[in-house]
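Coordinates as given in final_16.pdb (PDB, C-alpha atoms and all ligand atoms):
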```
ATOM      1  CA  MET A1408      -3.828   7.426  15.281  1.00  0.00           C
ATOM      2  CA  ILE A1409      -1.159   9.496  16.976  1.00  0.00           C
ATOM      3  CA  ASP A1410       1.719   7.049  16.805  1.00  0.00           C
ATOM      4  CA  CYS A1411       1.140   5.625  13.353  1.00  0.00           C
ATOM      5  CA  LEU A1412       3.809   6.291  10.730  1.00  0.00           C
ATOM      6  CA  PHE A1413       1.399   6.095   7.810  1.00  0.00           C
ATOM      7  CA  CYS A1414      -1.177   8.332   9.518  1.00  0.00           C
ATOM      8  CA  LYS A1415       1.652  10.871   9.812  1.00  0.00           C
ATOM      9  CA  ILE A1416       2.283  10.570   6.069  1.00  0.00           C
ATOM     10  CA  VAL A1417      -1.464  11.116   5.448  1.00  0.00           C
ATOM     11  CA  ALA A1418      -1.318  14.195   7.685  1.00  0.00           C
ATOM     12  CA  GLY A1419       1.766  15.524   5.866  1.00  0.00           C
ATOM     13  CA  GLU A1420       3.844  15.371   9.059  1.00  0.00           C
ATOM     14  CA  ILE A1421       6.365  12.958   7.512  1.00  0.00           C
ATOM     15  CA  PRO A1422       7.452  13.422   3.889  1.00  0.00           C
ATOM     16  CA  ALA A1423       6.742  10.772   1.281  1.00  0.00           C
ATOM     17  CA  ASP A1424       7.145  10.493  -2.473  1.00  0.00           C
ATOM     18  CA  ILE A1425       3.441  10.538  -3.272  1.00  0.00           C
ATOM     19  CA  VAL A1426       2.539   9.247  -6.741  1.00  0.00           C
ATOM     20  CA  TYR A1427      -1.272   9.341  -6.531  1.00  0.00           C
ATOM     21  CA  GLU A1428      -3.968  10.380  -4.079  1.00  0.00           C
ATOM     22  CA  ASN A1429      -7.709  10.724  -3.925  1.00  0.00           C
ATOM     23  CA  GLU A1430     -10.473  11.122  -1.368  1.00  0.00           C
ATOM     24  CA  PHE A1431      -9.981   7.630   0.079  1.00  0.00           C
ATOM     25  CA  THR A1432      -6.411   6.548  -0.599  1.00  0.00           C
ATOM     26  CA  LEU A1433      -2.818   7.668  -0.868  1.00  0.00           C
ATOM     27  CA  ALA A1434      -0.042   5.979  -2.879  1.00  0.00           C
ATOM     28  CA  PHE A1435       3.643   6.642  -2.248  1.00  0.00           C
ATOM     29  CA  ARG A1436       6.990   4.998  -3.009  1.00  0.00           C
ATOM     30  CA  ASP A1437       8.339   2.463  -0.531  1.00  0.00           C
ATOM     31  CA  ILE A1438      11.451   3.780   1.230  1.00  0.00           C
ATOM     32  CA  ASN A1439      13.178   0.395   0.723  1.00  0.00           C
ATOM     33  CA  PRO A1440      12.032  -0.706  -2.752  1.00  0.00           C
ATOM     34  CA  GLN A1441      12.069  -4.420  -3.586  1.00  0.00           C
ATOM     35  CA  ALA A1442      11.433  -3.895  -7.314  1.00  0.00           C
ATOM     36  CA  PRO A1443      11.879  -1.048  -9.843  1.00  0.00           C
ATOM     37  CA  THR A1444       8.307  -0.029  -8.991  1.00  0.00           C
ATOM     38  CA  HIS A1445       7.386  -0.491  -5.332  1.00  0.00           C
ATOM     39  CA  VAL A1446       4.492   1.689  -4.252  1.00  0.00           C
ATOM     40  CA  LEU A1447       2.395   1.422  -1.093  1.00  0.00           C
ATOM     41  CA  VAL A1448      -1.340   2.116  -1.332  1.00  0.00           C
ATOM     42  CA  ILE A1449      -2.981   3.031   1.974  1.00  0.00           C
ATOM     43  CA  PRO A1450      -6.427   4.153   3.069  1.00  0.00           C
ATOM     44  CA  ARG A1451      -6.490   7.629   4.604  1.00  0.00           C
ATOM     45  CA  ARG A1452      -8.402   6.083   7.497  1.00  0.00           C
ATOM     46  CA  HIS A1453      -6.367   4.172  10.083  1.00  0.00           C
ATOM     47  CA  ILE A1454      -6.966   0.410  10.021  1.00  0.00           C
ATOM     48  CA  ALA A1455      -4.221  -1.613  11.724  1.00  0.00           C
ATOM     49  CA  THR A1456      -4.453  -4.984   9.962  1.00  0.00           C
ATOM     50  CA  ILE A1457      -6.720  -6.944   7.632  1.00  0.00           C
ATOM     51  CA  ASN A1458      -8.116  -8.545  10.807  1.00  0.00           C
ATOM     52  CA  ASP A1459      -9.412  -5.136  11.889  1.00  0.00           C
ATOM     53  CA  LEU A1460     -11.438  -4.498   8.743  1.00  0.00           C
ATOM     54  CA  ALA A1461     -15.091  -3.830   9.492  1.00  0.00           C
ATOM     55  CA  GLY A1462     -18.017  -5.023   7.411  1.00  0.00           C
ATOM     56  CA  ASP A1463     -18.740  -1.544   6.085  1.00  0.00           C
ATOM     57  CA  GLU A1464     -15.173  -1.114   4.788  1.00  0.00           C
ATOM     58  CA  THR A1465     -15.605  -3.300   1.712  1.00  0.00           C
ATOM     59  CA  SER A1466     -15.708  -0.320  -0.637  1.00  0.00           C
ATOM     60  CA  LEU A1467     -12.583   1.148   0.949  1.00  0.00           C
ATOM     61  CA  VAL A1468     -10.677  -2.051   0.146  1.00  0.00           C
ATOM     62  CA  GLY A1469     -12.014  -1.817  -3.393  1.00  0.00           C
ATOM     63  CA  GLU A1470     -10.741   1.763  -3.594  1.00  0.00           C
ATOM     64  CA  MET A1471      -7.282   0.513  -2.632  1.00  0.00           C
ATOM     65  CA  PHE A1472      -7.275  -1.865  -5.611  1.00  0.00           C
ATOM     66  CA  LEU A1473      -8.559   0.834  -7.967  1.00  0.00           C
ATOM     67  CA  THR A1474      -5.681   3.031  -6.795  1.00  0.00           C
ATOM     68  CA  ALA A1475      -3.242   0.134  -7.323  1.00  0.00           C
ATOM     69  CA  LYS A1476      -4.536  -0.235 -10.891  1.00  0.00           C
ATOM     70  CA  GLU A1477      -4.121   3.501 -11.478  1.00  0.00           C
ATOM     71  CA  VAL A1478      -0.561   3.417 -10.136  1.00  0.00           C
ATOM     72  CA  ALA A1479       0.296   0.405 -12.331  1.00  0.00           C
ATOM     73  CA  HIS A1480      -0.878   2.317 -15.410  1.00  0.00           C
ATOM     74  CA  MET A1481       1.005   5.445 -14.390  1.00  0.00           C
ATOM     75  CA  GLU A1482       4.184   3.416 -13.803  1.00  0.00           C
ATOM     76  CA  GLY A1483       3.849   1.621 -17.156  1.00  0.00           C
ATOM     77  CA  ILE A1484       3.726  -1.874 -15.633  1.00  0.00           C
ATOM     78  CA  ALA A1485       0.036  -2.683 -16.095  1.00  0.00           C
ATOM     79  CA  ASP A1486       0.386  -4.718 -19.295  1.00  0.00           C
ATOM     80  CA  GLU A1487       3.636  -6.498 -18.447  1.00  0.00           C
ATOM     81  CA  GLY A1488       2.380  -7.425 -15.007  1.00  0.00           C
ATOM     82  CA  TYR A1489       2.701  -6.570 -11.357  1.00  0.00           C
ATOM     83  CA  ARG A1490       1.892  -7.953  -7.930  1.00  0.00           C
ATOM     84  CA  THR A1491      -0.266  -6.619  -5.108  1.00  0.00           C
ATOM     85  CA  VAL A1492       0.474  -7.914  -1.608  1.00  0.00           C
ATOM     86  CA  MET A1493      -0.937  -7.100   1.806  1.00  0.00           C
ATOM     87  CA  ASN A1494       0.878  -8.671   4.749  1.00  0.00           C
ATOM     88  CA  CYS A1495      -1.069  -9.402   7.929  1.00  0.00           C
ATOM     89  CA  ASN A1496       0.675  -9.637  11.286  1.00  0.00           C
ATOM     90  CA  ARG A1497       4.030 -11.094  12.332  1.00  0.00           C
ATOM     91  CA  ALA A1498       4.311 -14.356  10.385  1.00  0.00           C
ATOM     92  CA  ALA A1499       3.660 -12.544   7.116  1.00  0.00           C
ATOM     93  CA  GLY A1500       6.185  -9.839   7.965  1.00  0.00           C
ATOM     94  CA  GLN A1501       3.875  -6.881   8.626  1.00  0.00           C
ATOM     95  CA  THR A1502       5.969  -4.105  10.178  1.00  0.00           C
ATOM     96  CA  VAL A1503       3.710  -1.062   9.811  1.00  0.00           C
ATOM     97  CA  PHE A1504       0.309  -1.484  11.419  1.00  0.00           C
ATOM     98  CA  HIS A1505      -1.765   0.656   9.058  1.00  0.00           C
ATOM     99  CA  ILE A1506      -2.932  -1.532   6.192  1.00  0.00           C
ATOM    100  CA  HIS A1507      -1.091  -1.065   2.918  1.00  0.00           C
ATOM    101  CA  LEU A1508      -1.155  -2.755  -0.441  1.00  0.00           C
ATOM    102  CA  HIS A1509       2.317  -3.256  -1.907  1.00  0.00           C
ATOM    103  CA  VAL A1510       2.349  -2.692  -5.685  1.00  0.00           C
ATOM    104  CA  LEU A1511       5.453  -4.332  -7.121  1.00  0.00           C
ATOM    105  CA  GLY A1512       6.576  -4.465 -10.729  1.00  0.00           C
ATOM    106  CA  GLY A1513       9.173  -3.587 -13.313  1.00  0.00           C
ATOM    107  CA  ARG A1514      10.918  -6.959 -13.099  1.00  0.00           C
ATOM    108  CA  ASP A1515       9.979 -10.647 -13.220  1.00  0.00           C
ATOM    109  CA  LEU A1516       8.653 -11.656  -9.791  1.00  0.00           C
ATOM    110  CA  ASN A1517       9.201 -15.109  -8.304  1.00  0.00           C
ATOM    111  CA  TRP A1518       6.406 -17.409  -7.212  1.00  0.00           C
ATOM    112  CA  PRO A1519       5.837 -18.682  -4.594  1.00  0.00           C
ATOM    113  CA  PRO A1520       7.043 -15.722  -2.514  1.00  0.00           C
ATOM    114  CA  GLY A1521       9.318 -16.500   0.436  1.00  0.00           C
TER     115      GLY A1521
HETATM  116  P1  LIG B   1       5.119  -4.405   5.681  1.00  0.00           P
HETATM  117  O1  LIG B   1       6.411  -5.093   6.062  1.00  0.00           O
HETATM  118  O2  LIG B   1       4.395  -3.878   6.903  1.00  0.00           O
HETATM  119  O3  LIG B   1       4.226  -5.208   4.778  1.00  0.00           O
HETATM  120  O4  LIG B   1       5.545  -3.162   4.812  1.00  0.00           O
HETATM  121  C1  LIG B   1       5.964  -1.940   5.349  1.00  0.00           C
HETATM  122  C2  LIG B   1       6.711  -1.213   4.268  1.00  0.00           C
HETATM  123  O5  LIG B   1       6.820   0.149   4.655  1.00  0.00           O
HETATM  124  C3  LIG B   1       8.124  -1.742   4.039  1.00  0.00           C
HETATM  125  O6  LIG B   1       8.260  -2.193   2.710  1.00  0.00           O
HETATM  126  C4  LIG B   1       9.007  -0.537   4.364  1.00  0.00           C
HETATM  127  O7  LIG B   1      10.118  -0.437   3.499  1.00  0.00           O
HETATM  128  C5  LIG B   1       8.057   0.633   4.200  1.00  0.00           C
HETATM  129  N1  LIG B   1       8.363   1.780   5.040  1.00  0.00           N
HETATM  130  C6  LIG B   1       8.715   1.764   6.361  1.00  0.00           C
HETATM  131  N2  LIG B   1       8.898   3.015   6.817  1.00  0.00           N
HETATM  132  C7  LIG B   1       8.657   3.845   5.740  1.00  0.00           C
HETATM  133  C8  LIG B   1       8.687   5.269   5.594  1.00  0.00           C
HETATM  134  O8  LIG B   1       8.958   6.030   6.519  1.00  0.00           O
HETATM  135  N3  LIG B   1       8.394   5.761   4.357  1.00  0.00           N
HETATM  136  C9  LIG B   1       8.077   4.937   3.303  1.00  0.00           C
HETATM  137  N4  LIG B   1       7.804   5.540   2.130  1.00  0.00           N
HETATM  138  N5  LIG B   1       8.029   3.594   3.425  1.00  0.00           N
HETATM  139  C10 LIG B   1       8.323   3.053   4.618  1.00  0.00           C
HETATM  140 ZN    ZN B   2      -2.435   4.839  10.710  1.00  0.00          ZN
END
```

So that I can check it, write out the structure of this file as structure tokens.
Ligand code: 5GP
Ligand code: ZN
Amino acid sequence: MIDCLFCKIVAGEIPADIVYENEFTLAFRDINPQAPTHVLVIPRRHIATINDLAGDETSLVGEMFLTAKEVAHMEGIADEGYRTVMNCNRAAGQTVFHIHLHVLGGRDLNWPPG
């Protein structure tokens, strides 16, 4: 996707503080962190929103959660606790239209979220 910010990060055209990567996913620090740990996990493949997920992309979504788990361990927040969030479309506040799992931790998180 030519005009996608996160595709440009995957391609190395825009710098990012990458904390983990593998064949399927990339994890990098959010530029505007909302918690001591705030990492975004994205698939290398462009998918705009959860609504655009295809039936054969179930394992890719699973890979995103395995990466989130890996990041949580690396950041030392796995045992204390952390949150994974994926916003879909306007009402949920999605601003970048390449799916991403927020991994938030390092402080007590409120529930319900705003
Ligand atoms: P959304 O609101 O779509 O769920 O989340 C998008 C996230 O991407 C936001 O938390 C925002 O701070 C982050 N973000 C936006 N532009 C950049 C960027 O250029 N680099 C990084 N690392 N994060 C970004
Ligand atoms: Zn993209």

Query - Reference answer for the PyMOL selection byres (((not hetatm)) within 12 of (chain B and resi 1)), as a ChimeraX atom specification - result: /A:1411-1417,1419-1426,1433-1442,1444-1449,1455-1457,1491-1511

Query raised in the report: Quick one: residues within 12 Å of Gly1469 of chain A, only C-alpha atoms counted, chain neighbours fewer than 2 positions away excluded, as a count of residues only?
Result: 17

Query raised in the report: Hey, which of A:Val1468, A:Ala1418, A:Ala1479, A:Ala1461 ends up closest to ligand ZN 2 (chain B)? Count all atoms listed in the file.
Result: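 Comparing A:Val1468, A:Ala1418, A:Ala1479, A:Ala1461 against ligand ZN 2 (chain B), the winner is A:Ala1418.
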
Report task. Just give me the gap between atom CA of Gly1483 of chain A and atom CA of Gly1513 of chain A in Å, one decimal is fine. Result ->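 Here the two named atoms are 8.4 Å from each other.
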
Report task. Could you check which of A:His1453, A:His1480, A:Glu1487, A:Glu1428 is closest to ligand ZN 2 (chain B), using all atoms listed in the file? Result -> A:His1453

Report task. Have a look at A:Asp1515, A:Glu1470, A:Ile1409, A:Tyr1427 and name the one nearest to Glu1482 of chain A; count all atoms listed in the file. Result ->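 Under the stated criterion, the closest residue is A:Tyr1427.
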
Query raised in the report: How many Å lie between atom CA of Pro1443 of chain A and atom CA of Glu1477 of chain A, rounded to one decimal?
Result: 16.7 Å

Requested in this report: Give me, please, the distance in Å between atom CA of Arg1452 of chain A and atom CA of Glu1430 of chain A, quoted to one decimal.
Outcome: 10.4 Å

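Nearest residue to ligand ZN 2 (chain B) among A:Leu1460, A:Val1478, A:Ile1454, A:Ala1485 is A:Ile1454, counting all atoms listed in the file.
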
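Proximity to ligand ZN 2 (chain B) was assessed for A:Arg1451, A:Arg1514, A:Gly1462, A:Pro1520 counting all atoms listed in the file; the smallest distance is recorded for A:Arg1451.
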
Using the file's own x, y and z axes, what box holds all listed atoms of segment 1429-1434 of chain A with 3 Å on each side, keeping edges along x, y and z, and what are its centre and edge lengths in Å to one decimal, as AutoDock Vina command-line options?
```
--center_x -5.3 --center_y 8.6 --center_z -1.9 --size_x 16.4 --size_y 11.1 --size_z 10.0
```

Query - From A:Met1481, A:Asp1410, A:Pro1519, A:Gly1512, residue lying nearest ligand ZN 2 (chain B) [all atoms listed in the file] - result: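 Looking at the shortest contact to ligand ZN 2 (chain B), the residue is A:Asp1410.
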